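Structure data (compact mmCIF, C-alpha atoms) from query.txt:
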# COMPACT_ATOMS: atom_id res chain seq x y z
CA ASP M 1313 -29.28 7.76 -2.25
CA LEU M 1314 -26.91 4.86 -2.93
CA VAL M 1315 -25.18 5.25 0.45
CA GLN M 1316 -27.01 6.56 3.51
CA PHE M 1317 -25.65 6.95 7.04
CA VAL M 1318 -27.83 6.33 10.07
CA THR M 1319 -26.28 6.98 13.49
CA GLY M 1320 -27.55 6.08 16.92
CA TYR M 1321 -27.52 3.51 19.68
CA GLY M 1322 -29.24 0.18 20.23
CA SER M 1323 -32.74 1.41 19.46
CA THR M 1324 -31.55 2.77 16.12
CA GLY M 1325 -29.93 -0.54 15.26
CA ALA M 1326 -33.08 -2.44 16.26
CA ALA M 1327 -35.18 -0.19 14.03
CA LEU M 1328 -32.82 -0.79 11.11
CA VAL M 1329 -32.85 -4.57 11.60
CA GLY M 1330 -36.65 -4.60 11.62
CA SER M 1331 -37.11 -2.12 8.79
CA GLY M 1332 -37.59 -4.67 6.03
CA VAL M 1333 -34.13 -4.45 4.47
CA ASP M 1334 -33.16 -7.25 2.08
CA LYS M 1335 -29.97 -8.22 3.90
CA LEU M 1336 -27.89 -7.21 6.91
CA ILE M 1337 -24.10 -7.14 7.33
CA PHE M 1338 -23.15 -6.64 10.97
CA VAL M 1339 -19.65 -5.99 12.34
CA GLY M 1340 -19.34 -6.09 16.11
CA SER M 1341 -19.18 -8.37 19.12
CA PRO M 1342 -20.54 -11.95 19.34
CA SER M 1343 -23.08 -10.91 22.01
CA VAL M 1344 -24.55 -8.06 19.95
CA GLY M 1345 -24.32 -10.21 16.81
CA GLY M 1346 -26.56 -12.73 18.54
CA HIS M 1347 -29.13 -10.00 19.25
CA VAL M 1348 -29.03 -8.90 15.61
CA MET M 1349 -29.47 -12.46 14.38
CA ARG M 1350 -32.43 -13.11 16.69
CA ALA M 1351 -34.13 -9.89 15.65
CA ALA M 1352 -33.54 -10.60 11.95
CA ALA M 1353 -34.94 -14.12 12.34
CA ALA M 1354 -38.41 -12.71 13.00
CA SER M 1355 -38.61 -11.54 9.39
CA LEU M 1356 -36.23 -14.19 7.97
CA THR M 1357 -33.82 -11.43 6.94
CA PRO M 1358 -30.47 -12.94 5.87
CA VAL M 1359 -27.51 -11.85 7.98
CA VAL M 1360 -23.73 -11.71 7.52
CA LEU M 1361 -21.87 -11.57 10.85
CA GLU M 1362 -18.26 -10.46 11.37
CA LEU M 1363 -17.71 -10.67 15.10
CA GLY M 1364 -14.05 -10.01 15.77
CA GLY M 1365 -11.21 -12.38 16.42
CA LYS M 1366 -8.03 -13.43 18.20
CA ASP M 1367 -5.83 -14.06 15.22
CA PRO M 1368 -2.90 -16.47 15.70
CA PHE M 1369 0.61 -15.58 14.53
CA VAL M 1370 2.78 -18.72 14.25
CA VAL M 1371 6.59 -18.65 14.04
CA CYS M 1372 8.24 -21.95 13.06
CA ASP M 1373 11.57 -23.27 14.34
CA ASP M 1374 13.52 -22.86 11.09
CA VAL M 1375 13.61 -19.05 10.90
CA SER M 1376 17.03 -17.43 10.66
CA GLU M 1377 18.28 -14.53 12.78
CA ALA M 1378 17.80 -12.15 9.86
CA GLU M 1379 14.28 -13.47 9.30
CA LEU M 1380 13.50 -12.96 12.99
CA ASP M 1381 14.43 -9.28 12.59
CA ARG M 1382 11.81 -8.96 9.86
CA ILE M 1383 9.20 -11.01 11.69
CA ALA M 1384 9.58 -8.98 14.88
CA GLN M 1385 8.84 -5.75 13.02
CA VAL M 1386 5.84 -7.34 11.28
CA ALA M 1387 4.55 -8.64 14.62
CA CYS M 1388 4.83 -5.25 16.32
CA ARG M 1389 3.15 -3.50 13.40
CA GLY M 1390 0.29 -5.98 13.59
CA VAL M 1391 -0.28 -5.49 17.32
CA PHE M 1392 0.46 -1.81 17.89
CA GLN M 1393 -0.89 -0.22 14.70
CA ASN M 1394 -4.16 1.54 15.58
CA MET M 1395 -3.34 0.46 19.15
CA GLY M 1396 -4.48 -3.05 18.25
CA GLN M 1397 -8.00 -1.85 17.52
CA ASN M 1398 -8.40 -3.83 14.30
CA CYS M 1399 -10.94 -6.49 13.41
CA ALA M 1400 -8.25 -8.59 11.79
CA GLY M 1401 -5.10 -8.27 13.87
CA PRO M 1402 -2.75 -10.73 15.59
CA GLU M 1403 -3.33 -11.20 19.31
CA ARG M 1404 -1.86 -14.64 20.03
CA PHE M 1405 1.78 -15.36 19.09
CA PHE M 1406 2.87 -19.00 19.03
CA VAL M 1407 6.64 -19.14 18.71
CA ALA M 1408 8.70 -22.31 18.38
CA ASP M 1409 11.11 -23.00 21.21
CA ALA M 1410 14.17 -22.59 18.94
CA ALA M 1411 13.08 -19.06 17.97
CA TYR M 1412 11.41 -18.06 21.24
CA ALA M 1413 14.22 -16.20 23.01
CA GLY M 1414 15.23 -14.32 19.87
CA PHE M 1415 11.64 -13.32 19.11
CA CYS M 1416 10.89 -12.17 22.65
CA SER M 1417 14.06 -10.11 22.94
CA ARG M 1418 13.39 -8.39 19.62
CA VAL M 1419 9.72 -7.50 20.18
CA GLY M 1420 10.49 -6.44 23.76
CA ALA M 1421 13.20 -4.08 22.56
CA ILE M 1422 10.94 -2.59 19.90
CA ALA M 1423 7.94 -2.15 22.22
CA SER M 1424 10.06 -0.55 24.96
CA ARG M 1425 11.09 2.22 22.55
CA LEU M 1426 7.60 3.06 21.29
CA LYS M 1427 6.39 6.53 22.14
CA CYS M 1428 2.84 6.75 23.42
CA GLY M 1429 0.72 9.89 23.64
CA PRO M 1430 -1.31 12.43 21.64
CA PRO M 1431 -0.13 12.11 18.03
CA LEU M 1432 -1.41 15.32 16.44
CA ASP M 1433 1.46 17.53 17.61
CA ASP M 1434 4.28 14.99 17.47
CA ALA M 1435 5.11 13.04 14.33
CA GLU M 1436 7.29 10.64 16.32
CA VAL M 1437 4.43 9.31 18.45
CA ASP M 1438 3.93 5.62 17.68
CA CYS M 1439 0.85 4.82 19.76
CA GLY M 1440 -2.20 6.99 20.37
CA ALA M 1441 -5.28 6.64 22.53
CA ILE M 1442 -7.86 3.91 23.07
CA THR M 1443 -11.07 4.85 21.28
CA MET M 1444 -13.37 3.11 23.78
CA GLY M 1445 -11.99 4.87 26.84
CA ARG M 1446 -11.21 3.91 30.42
CA ARG M 1447 -13.69 1.05 30.58
CA GLN M 1448 -11.82 -0.75 27.80
CA MET M 1449 -8.53 -0.11 29.59
CA GLY M 1450 -9.98 -1.83 32.64
CA HIS M 1451 -10.74 -4.79 30.39
CA TYR M 1452 -7.10 -4.84 29.26
CA GLN M 1453 -5.78 -4.70 32.81
CA ALA M 1454 -8.03 -7.50 34.02
CA LEU M 1455 -6.77 -9.79 31.24
CA VAL M 1456 -3.13 -8.91 31.89
CA ASP M 1457 -3.48 -9.41 35.64
CA ASP M 1458 -5.13 -12.80 35.15
CA ALA M 1459 -2.34 -13.97 32.84
CA VAL M 1460 0.38 -12.81 35.24
CA SER M 1461 -1.37 -14.53 38.15
CA LYS M 1462 -1.20 -17.78 36.16
CA GLY M 1463 2.52 -17.55 35.41
CA ALA M 1464 2.95 -15.14 32.49
CA ARG M 1465 5.73 -12.52 32.55
CA LEU M 1466 5.53 -8.88 31.54
CA LEU M 1467 8.38 -7.67 29.35
CA VAL M 1468 6.95 -4.23 28.58
CA GLY M 1469 3.94 -2.23 29.77
CA GLY M 1470 0.98 -4.01 31.30
CA TYR M 1471 -0.25 -1.23 33.59
CA THR M 1472 -2.88 1.50 33.58
CA PRO M 1473 -1.27 4.97 33.77
CA SER M 1474 -2.14 6.86 36.95
CA GLY M 1475 -1.00 9.65 39.23
CA ASP M 1476 1.61 12.00 37.73
CA ASP M 1477 2.06 9.87 34.62
CA PRO M 1478 1.39 12.20 31.63
CA LEU M 1479 -0.60 9.40 30.00
CA ALA M 1480 -3.03 9.28 32.94
CA ALA M 1481 -4.84 12.35 31.61
CA GLY M 1482 -6.24 10.46 28.62
CA SER M 1483 -7.24 7.00 27.44
CA PHE M 1484 -3.70 5.76 26.90
CA TYR M 1485 -2.61 2.19 27.56
CA PRO M 1486 1.11 1.55 27.05
CA PRO M 1487 2.30 -0.93 24.40
CA THR M 1488 2.49 -4.25 26.23
CA VAL M 1489 4.39 -7.49 25.65
CA ILE M 1490 3.50 -10.43 27.85
CA VAL M 1491 5.36 -13.74 27.44
CA ASP M 1492 5.18 -17.30 28.76
CA VAL M 1493 1.41 -17.05 28.60
CA PRO M 1494 -0.20 -20.36 29.70
CA GLU M 1495 -3.09 -21.97 27.86
CA SER M 1496 -5.31 -21.42 30.91
CA ALA M 1497 -5.03 -17.62 30.71
CA ASP M 1498 -8.24 -15.76 29.84
CA ILE M 1499 -6.27 -13.49 27.52
CA LEU M 1500 -5.87 -16.37 25.04
CA GLN M 1501 -9.65 -16.79 24.70
CA THR M 1502 -11.06 -13.28 25.17
CA GLU M 1503 -10.71 -10.66 22.44
CA ILE M 1504 -8.33 -7.91 23.57
CA PHE M 1505 -8.77 -5.30 20.82
CA GLY M 1506 -5.83 -3.39 22.18
CA PRO M 1507 -2.02 -2.92 22.20
CA ILE M 1508 -1.11 -6.17 23.96
CA MET M 1509 1.11 -8.88 22.45
CA CYS M 1510 0.64 -12.31 24.06
CA VAL M 1511 3.52 -14.71 23.36
CA VAL M 1512 3.21 -18.46 23.90
CA ARG M 1513 6.20 -20.80 23.78
CA VAL M 1514 5.65 -23.83 21.52
CA ALA M 1515 7.46 -26.69 23.24
CA ASP M 1516 10.15 -28.60 21.35
CA CYS M 1517 8.51 -31.89 20.44
CA GLY M 1518 11.65 -33.40 18.92
CA ALA M 1519 10.92 -32.96 15.21
CA ALA M 1520 9.87 -30.13 12.90
CA ALA M 1521 6.58 -31.79 11.95
CA ALA M 1522 5.69 -32.42 15.59
CA ASN M 1523 6.57 -28.85 16.50
CA ASP M 1524 4.25 -27.57 13.77
CA ASP M 1525 1.50 -29.92 14.98
CA GLU M 1526 1.78 -28.46 18.47
CA ALA M 1527 1.72 -24.89 17.15
CA VAL M 1528 -1.40 -25.63 15.11
CA ARG M 1529 -3.07 -27.29 18.10
CA LEU M 1530 -2.41 -24.27 20.30
CA ALA M 1531 -3.53 -21.82 17.62
CA ASN M 1532 -6.78 -23.68 16.95
CA ASN M 1533 -7.64 -23.91 20.65
CA CYS M 1534 -9.80 -20.80 20.52
CA ASP M 1535 -13.47 -20.00 19.89
CA PHE M 1536 -12.55 -17.18 17.48
CA ALA M 1537 -11.38 -17.88 13.94
CA LEU M 1538 -11.24 -14.73 11.82
CA SER M 1539 -7.77 -14.51 10.27
CA SER M 1540 -4.33 -16.07 10.81
CA CYS M 1541 -0.73 -16.18 9.62
CA ALA M 1542 2.34 -18.42 9.78
CA PHE M 1543 6.03 -17.64 9.29
CA ALA M 1544 8.85 -20.02 8.35
CA GLN M 1545 12.15 -19.85 6.51
CA SER M 1546 10.69 -22.39 4.10
CA ALA M 1547 7.80 -20.88 2.15
CA PRO M 1548 6.11 -24.29 1.57
CA ARG M 1549 6.28 -24.96 5.30
CA ALA M 1550 4.70 -21.61 6.12
CA ARG M 1551 1.91 -22.31 3.61
CA ALA M 1552 1.35 -25.79 5.03
CA VAL M 1553 1.01 -24.49 8.58
CA ALA M 1554 -1.22 -21.59 7.53
CA ALA M 1555 -3.50 -23.99 5.65
CA ARG M 1556 -4.17 -25.92 8.87
CA LEU M 1557 -5.14 -22.91 10.96
CA GLU M 1558 -8.88 -22.66 11.59
CA ALA M 1559 -9.73 -19.24 10.18
CA GLY M 1560 -11.68 -17.54 7.43
CA MET M 1561 -8.50 -15.93 6.10
CA SER M 1562 -4.81 -16.73 6.24
CA ALA M 1563 -1.42 -15.49 5.06
CA SER M 1564 1.97 -17.17 4.87
CA ASN M 1565 5.11 -15.17 5.69
CA ASP M 1566 3.02 -12.03 5.84
CA LEU M 1567 0.73 -10.30 8.32
CA GLU M 1568 -2.74 -11.86 8.26
CA GLY M 1569 -4.38 -8.48 7.76
CA SER M 1570 -2.81 -8.35 4.30
CA THR M 1571 -5.79 -10.34 3.00
CA TYR M 1572 -7.93 -7.27 3.66
CA LEU M 1573 -5.75 -5.13 1.40
CA SER M 1574 -7.08 -7.00 -1.62
CA GLN M 1575 -10.75 -6.17 -1.92
CA SER M 1576 -11.12 -8.97 -4.47
CA LEU M 1577 -10.75 -11.45 -1.58
CA PRO M 1578 -13.71 -12.42 0.63
CA PHE M 1579 -13.63 -11.20 4.25
CA GLY M 1580 -15.10 -13.17 7.13
CA GLY M 1581 -14.47 -15.84 9.72
CA ARG M 1582 -15.60 -19.03 11.41
CA LYS M 1583 -16.72 -20.11 14.87
CA GLN M 1584 -17.45 -17.11 17.15
CA SER M 1585 -15.96 -14.80 14.52
CA GLY M 1586 -19.18 -15.14 12.55
CA PHE M 1587 -20.16 -16.53 9.18
CA ASP M 1588 -20.68 -15.69 5.51
CA ARG M 1589 -18.51 -13.15 3.69
CA PHE M 1590 -18.41 -9.59 2.46
CA ALA M 1591 -16.04 -8.15 -0.17
CA GLY M 1592 -14.70 -10.17 -3.07
CA ILE M 1593 -16.78 -12.04 -5.63
CA GLU M 1594 -18.41 -14.06 -2.85
CA GLY M 1595 -19.48 -10.92 -1.00
CA LEU M 1596 -20.88 -9.26 -4.12
CA ARG M 1597 -22.81 -12.38 -5.08
CA GLY M 1598 -24.16 -12.51 -1.56
CA LEU M 1599 -25.85 -9.17 -2.19
CA THR M 1600 -27.71 -10.52 -5.20
CA THR M 1601 -30.70 -12.85 -5.47
CA PRO M 1602 -29.83 -16.03 -7.42
CA ARG M 1603 -32.58 -17.15 -9.77
CA ALA M 1604 -32.78 -20.37 -11.76
CA VAL M 1605 -34.31 -20.03 -15.26
CA CYS M 1606 -35.23 -22.62 -17.88
CA ASP M 1607 -35.98 -21.62 -21.46
CA ASP M 1608 -36.51 -23.35 -24.82
CA ALA M 1609 -33.12 -23.29 -26.52
CA LEU M 1610 -34.53 -24.28 -29.94
CA GLU M 1611 -37.49 -21.91 -30.04
CA TRP M 1612 -35.86 -20.05 -32.94
CA LEU M 1613 -36.10 -22.99 -35.40
CA PRO M 1614 -38.15 -22.09 -38.56
CA PHE M 1615 -41.20 -23.73 -40.15
CA GLY M 1616 -42.82 -24.44 -36.80
CA LEU M 1617 -40.08 -26.85 -35.72
CA GLY M 1618 -39.44 -24.83 -32.56
CA ALA M 1619 -43.05 -25.23 -31.48
CA LEU M 1620 -42.93 -28.97 -32.19
CA LEU M 1621 -39.94 -29.34 -29.87
CA ARG M 1622 -41.61 -27.67 -26.92
CA THR M 1623 -42.04 -29.76 -23.79
CA ALA M 1624 -45.15 -31.94 -23.99
CA ILE M 1625 -46.51 -34.62 -21.65
CA PRO M 1626 -46.43 -38.08 -23.34
CA PRO M 1627 -49.92 -39.61 -23.70
CA PRO M 1628 -49.28 -42.42 -21.16
CA LEU M 1629 -48.55 -39.76 -18.52
CA GLN M 1630 -51.40 -37.39 -19.38
CA TYR M 1631 -54.39 -36.87 -17.09
CA PRO M 1632 -56.67 -38.71 -16.61
CA SER M 1633 -54.64 -41.88 -16.29
CA ARG M 1634 -55.19 -44.69 -18.81
CA GLY M 1635 -53.26 -47.21 -16.71
CA GLY M 1636 -49.90 -47.08 -18.46
CA GLY M 1637 -48.23 -44.25 -16.56
CA PHE M 1638 -46.30 -46.39 -14.08
CA ASP M 1639 -44.94 -48.75 -16.75
CA PHE M 1640 -43.99 -45.81 -18.95
CA ALA M 1641 -42.10 -44.04 -16.11
CA SER M 1642 -40.31 -47.19 -14.95
CA GLY M 1643 -39.48 -48.00 -18.59
CA LEU M 1644 -37.80 -44.60 -19.00
CA ILE M 1645 -35.76 -45.17 -15.83
CA GLU M 1646 -34.59 -48.60 -16.94
CA LEU M 1647 -33.80 -47.37 -20.44
CA PHE M 1648 -31.59 -44.50 -19.24
CA TYR M 1649 -30.19 -45.87 -15.98
CA GLY M 1650 -30.44 -49.64 -16.24
CA GLU M 1651 -27.15 -51.55 -16.05
CA GLY M 1652 -26.58 -53.84 -19.00
CA VAL M 1653 -28.33 -54.37 -22.29
CA SER M 1654 -31.06 -56.64 -20.90
CA LEU M 1655 -32.39 -53.99 -18.49
CA LYS M 1656 -32.35 -51.33 -21.18
CA LEU M 1657 -34.24 -53.62 -23.57
CA ARG M 1658 -36.78 -54.37 -20.87
CA GLY M 1659 -37.26 -50.65 -20.46
CA VAL M 1660 -37.93 -50.27 -24.19
CA ALA M 1661 -40.51 -53.04 -23.97
CA LYS M 1662 -42.26 -51.29 -21.10
CA LEU M 1663 -42.38 -48.06 -23.05
CA ILE M 1664 -43.96 -49.77 -26.06
CA GLY M 1665 -46.46 -51.61 -23.88
CA ALA M 1666 -47.44 -48.44 -21.99
CA ALA M 1667 -47.87 -46.51 -25.24
CA ALA M 1668 -50.29 -49.13 -26.54
CA LYS M 1669 -52.68 -48.79 -23.59
Now that the file is in, can you turn its structure into structure tokens?
Amino acid sequence: DLVQFVTGYGSTGAALVGSGVDKLIFVGSPSVGGHVMRAAAASLTPVVLELGGKDPFVVCDDVSEAELDRIAQVACRGVFQNMGQNCAGPERFFVADAAYAGFCSRVGAIASRLKCGPPLDDAEVDCGAITMGRRQMGHYQALVDDAVSKGARLLVGGYTPSGDDPLAAGSFYPPTVIVDVPESADILQTEIFGPIMCVVRVADCGAAAANDDEAVRLANNCDFALSSCAFAQSAPRARAVAARLEAGMSASNDLEGSTYLSQSLPFGGRKQSGFDRFAGIEGLRGLTTPRAVCDDALEWLPFGLGALLRTAIPPPLQYPSRGGGFDFASGLIELFYGEGVSLKLRGVAKLIGAAAK
């Protein structure tokens, strides 16, 4: 009974939300997350929302050729693993001008050699099908076409298989690399959730710090903020850039999804990616009910001393009032919080006067 599975569509979800559960954790789209939150508000049921993302992947200008080889493989693994259908996965790649050509040539070469198709009978297949079918592939194509119409260039893929193409028989979208993507492209704001790498050139601003500032600006110009990562030859530089990225999770010189591998870390985002956390200490505590408790610490003292030390209302403050309550209270405040000896002495005098009434 600890874990129970309930399957169904919207009506099933609505019934679950309104069933009187103590807390809800929802993973899905921002639009459906809004419906869940509104429904839960009727009963004041607390909600944790994880609503997807468009994770940025920043490459600084100091990376060596050998480091670019490593980064290119990491980038392709992040985008094309599970055909990009990951909650935390890189979708936007911001590459410094000095590293741009080398990065694009490497990821283009890798993506062009990936084998796409049914994986069960061929161990060399790199990319399988899209789980959400042809409708999702139409979503991919619309985003790619919009970006190209605004000046982006396709290096690999970017089309929906049709006709005699063997991939046309199923829900297969080819691994895609699109470069020179402008800020105005919809694909930089809309979650893809698919095998499409969008590469943005970070202009040379004349100095390393300025280049990093521009990369951070571009990366943070998005309504989603789930996870993020930054790569640099200098580890401190990578950490500094990653720390400035608006996201619930971040990694330096590693794929941002690596934070999920450690279940002791909290998982969740900001902005349209949702709020609150699951997993980690924070997530476990979120599934508990905090309770503040006060108790007599000296109750154990013998000979009735514990009872004598129990909280009691001083006579000047007891009901009904005898007229000294205000002086007694203000005297306590001046005694404990008054600045200087004179104010503290005045407080003592008030206490004595109030006690005599």
Among listed residues M:Gly1643, M:Gly1586, M:Gly1636, M:Gly1340, nearest Val1360 (chain M) (using only C-alpha atoms)
M:Gly1586
What are the nearest atom pairs, with distances in Å to one decimal, for all residues of region 1390-1490 of chain M that come at most 9 Å from region 1567-1584 of chain M, using all atoms listed in the file, set out by chain and rising residue number as CSV?
residue,atom,partner,partner_atom,distance
M:Gly1390,CA,M:Leu1567,CA,6.8
M:Asn1398,CA,M:Gly1569,CA,9.0
M:Cys1399,CA,M:Gly1569,CA,8.9
M:Ala1400,CA,M:Gly1569,CA,5.6
M:Gly1401,CA,M:Gly1569,CA,6.2
M:Pro1402,CA,M:Glu1568,CA,7.4
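Residues surrounding Arg1382 (chain M) within 12 Å are Val1371, Val1375, Ser1376, Glu1377, Ala1387, Cys1388, Arg1389, Gly1414, Phe1415, Arg1418, Val1419, Ile1422, Phe1543, Ala1544, Gln1545, Asn1565, Asp1566 and Leu1567 of chain M [only C-alpha atoms; sequence separation below 5 positions excluded].
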Atom pair CA of Glu1403 (chain M) + CA of Arg1549 (chain M), distance 21.9 Å
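Of the listed residues M:Phe1406, M:Ser1633, M:Gly1469, M:Phe1615, the one whose atoms come nearest to Arg1529 (chain M) is M:Phe1406, with distances taken using only C-alpha atoms.
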For Ala1537 (chain M), the nearest of the candidates M:Ala1435, M:Ala1609, M:Met1561, M:Ala1413, counting all atoms listed in the file
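Looking only at the distances to Ala1537 (chain M), the closest residue turns out to be M:Met1561.
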With only C-alpha atoms as the counted atoms, please give the residues lying no more than 8 Å from region 1429-1434 of chain M, apart from itself and same-chain residues fewer than 5 positions off, as a count of residues only.
5
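Distance-wise, CA of Pro1628 (chain M) and CA of Arg1658 (chain M) end up 17.3 Å apart.
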With the input short on atoms, add N, CA, C and O atoms back to region 1578-1599 of chain M and write it as an mmCIF file, in the frame of the given file.
data_model
loop_
_atom_site.group_PDB
_atom_site.id
_atom_site.type_symbol
_atom_site.label_atom_id
_atom_site.label_comp_id
_atom_site.auth_asym_id
_atom_site.auth_seq_id
_atom_site.Cartn_x
_atom_site.Cartn_y
_atom_site.Cartn_z
ATOM 1 N N PRO M 1578 -12.596 -12.449 -0.320
ATOM 2 C CA PRO M 1578 -13.710 -12.420 0.630
ATOM 3 C C PRO M 1578 -13.217 -12.216 2.050
ATOM 4 O O PRO M 1578 -12.146 -12.702 2.424
ATOM 5 N N PHE M 1579 -13.997 -11.494 2.859
ATOM 6 C CA PHE M 1579 -13.630 -11.200 4.250
ATOM 7 C C PHE M 1579 -14.669 -11.804 5.170
ATOM 8 O O PHE M 1579 -15.863 -11.587 5.033
ATOM 9 N N GLY M 1580 -14.197 -12.578 6.153
ATOM 10 C CA GLY M 1580 -15.100 -13.170 7.130
ATOM 11 C C GLY M 1580 -14.423 -14.300 7.859
ATOM 12 O O GLY M 1580 -13.294 -14.688 7.525
ATOM 13 N N GLY M 1581 -15.092 -14.833 8.882
ATOM 14 C CA GLY M 1581 -14.470 -15.840 9.720
ATOM 15 C C GLY M 1581 -15.321 -17.061 9.965
ATOM 16 O O GLY M 1581 -16.303 -17.318 9.261
ATOM 17 N N ARG M 1582 -14.922 -17.808 11.004
ATOM 18 C CA ARG M 1582 -15.600 -19.030 11.410
ATOM 19 C C ARG M 1582 -15.833 -18.966 12.920
ATOM 20 O O ARG M 1582 -15.435 -18.030 13.579
ATOM 21 N N LYS M 1583 -16.476 -19.992 13.436
ATOM 22 C CA LYS M 1583 -16.720 -20.110 14.870
ATOM 23 C C LYS M 1583 -17.384 -18.831 15.403
ATOM 24 O O LYS M 1583 -18.316 -18.306 14.786
ATOM 25 N N GLN M 1584 -16.877 -18.317 16.549
ATOM 26 C CA GLN M 1584 -17.450 -17.110 17.150
ATOM 27 C C GLN M 1584 -17.095 -15.834 16.389
ATOM 28 O O GLN M 1584 -17.575 -14.751 16.737
ATOM 29 N N SER M 1585 -16.277 -15.960 15.361
ATOM 30 C CA SER M 1585 -15.960 -14.800 14.520
ATOM 31 C C SER M 1585 -17.043 -14.532 13.488
ATOM 32 O O SER M 1585 -16.935 -13.567 12.726
ATOM 33 N N GLY M 1586 -18.070 -15.384 13.447
ATOM 34 C CA GLY M 1586 -19.180 -15.140 12.550
ATOM 35 C C GLY M 1586 -19.217 -16.071 11.365
ATOM 36 O O GLY M 1586 -18.551 -17.109 11.337
ATOM 37 N N PHE M 1587 -20.001 -15.697 10.360
ATOM 38 C CA PHE M 1587 -20.160 -16.530 9.180
ATOM 39 C C PHE M 1587 -20.550 -15.690 7.969
ATOM 40 O O PHE M 1587 -20.931 -14.536 8.093
ATOM 41 N N ASP M 1588 -20.442 -16.314 6.811
ATOM 42 C CA ASP M 1588 -20.680 -15.690 5.510
ATOM 43 C C ASP M 1588 -19.560 -14.676 5.245
ATOM 44 O O ASP M 1588 -18.633 -14.527 6.039
ATOM 45 N N ARG M 1589 -19.613 -14.000 4.125
ATOM 46 C CA ARG M 1589 -18.510 -13.150 3.690
ATOM 47 C C ARG M 1589 -19.036 -11.836 3.095
ATOM 48 O O ARG M 1589 -20.130 -11.779 2.530
ATOM 49 N N PHE M 1590 -18.214 -10.795 3.257
ATOM 50 C CA PHE M 1590 -18.410 -9.590 2.460
ATOM 51 C C PHE M 1590 -17.104 -9.297 1.736
ATOM 52 O O PHE M 1590 -16.071 -9.879 2.060
ATOM 53 N N ALA M 1591 -17.176 -8.436 0.726
ATOM 54 C CA ALA M 1591 -16.040 -8.150 -0.170
ATOM 55 C C ALA M 1591 -15.781 -9.350 -1.066
ATOM 56 O O ALA M 1591 -16.273 -10.460 -0.840
ATOM 57 N N GLY M 1592 -15.009 -9.104 -2.123
ATOM 58 C CA GLY M 1592 -14.700 -10.170 -3.070
ATOM 59 C C GLY M 1592 -15.917 -10.576 -3.891
ATOM 60 O O GLY M 1592 -17.028 -10.064 -3.730
ATOM 61 N N ILE M 1593 -15.696 -11.524 -4.794
ATOM 62 C CA ILE M 1593 -16.780 -12.040 -5.630
ATOM 63 C C ILE M 1593 -17.873 -12.653 -4.764
ATOM 64 O O ILE M 1593 -19.073 -12.457 -4.985
ATOM 65 N N GLU M 1594 -17.433 -13.397 -3.718
ATOM 66 C CA GLU M 1594 -18.410 -14.060 -2.850
ATOM 67 C C GLU M 1594 -19.304 -13.040 -2.143
ATOM 68 O O GLU M 1594 -20.516 -13.235 -2.030
ATOM 69 N N GLY M 1595 -18.698 -11.944 -1.673
ATOM 70 C CA GLY M 1595 -19.480 -10.920 -1.000
ATOM 71 C C GLY M 1595 -20.446 -10.214 -1.934
ATOM 72 O O GLY M 1595 -21.592 -9.939 -1.565
ATOM 73 N N LEU M 1596 -19.999 -9.925 -3.153
ATOM 74 C CA LEU M 1596 -20.880 -9.260 -4.120
ATOM 75 C C LEU M 1596 -22.042 -10.172 -4.512
ATOM 76 O O LEU M 1596 -23.192 -9.738 -4.606
ATOM 77 N N ARG M 1597 -21.731 -11.440 -4.751
ATOM 78 C CA ARG M 1597 -22.810 -12.380 -5.080
ATOM 79 C C ARG M 1597 -23.792 -12.541 -3.930
ATOM 80 O O ARG M 1597 -24.981 -12.775 -4.134
ATOM 81 N N GLY M 1598 -23.275 -12.413 -2.712
ATOM 82 C CA GLY M 1598 -24.160 -12.510 -1.560
ATOM 83 C C GLY M 1598 -25.167 -11.391 -1.477
ATOM 84 O O GLY M 1598 -26.174 -11.503 -0.770
ATOM 85 N N LEU M 1599 -24.923 -10.296 -2.176
ATOM 86 C CA LEU M 1599 -25.850 -9.170 -2.190
ATOM 87 C C LEU M 1599 -26.781 -9.216 -3.400
ATOM 88 O O LEU M 1599 -27.459 -8.238 -3.704
#
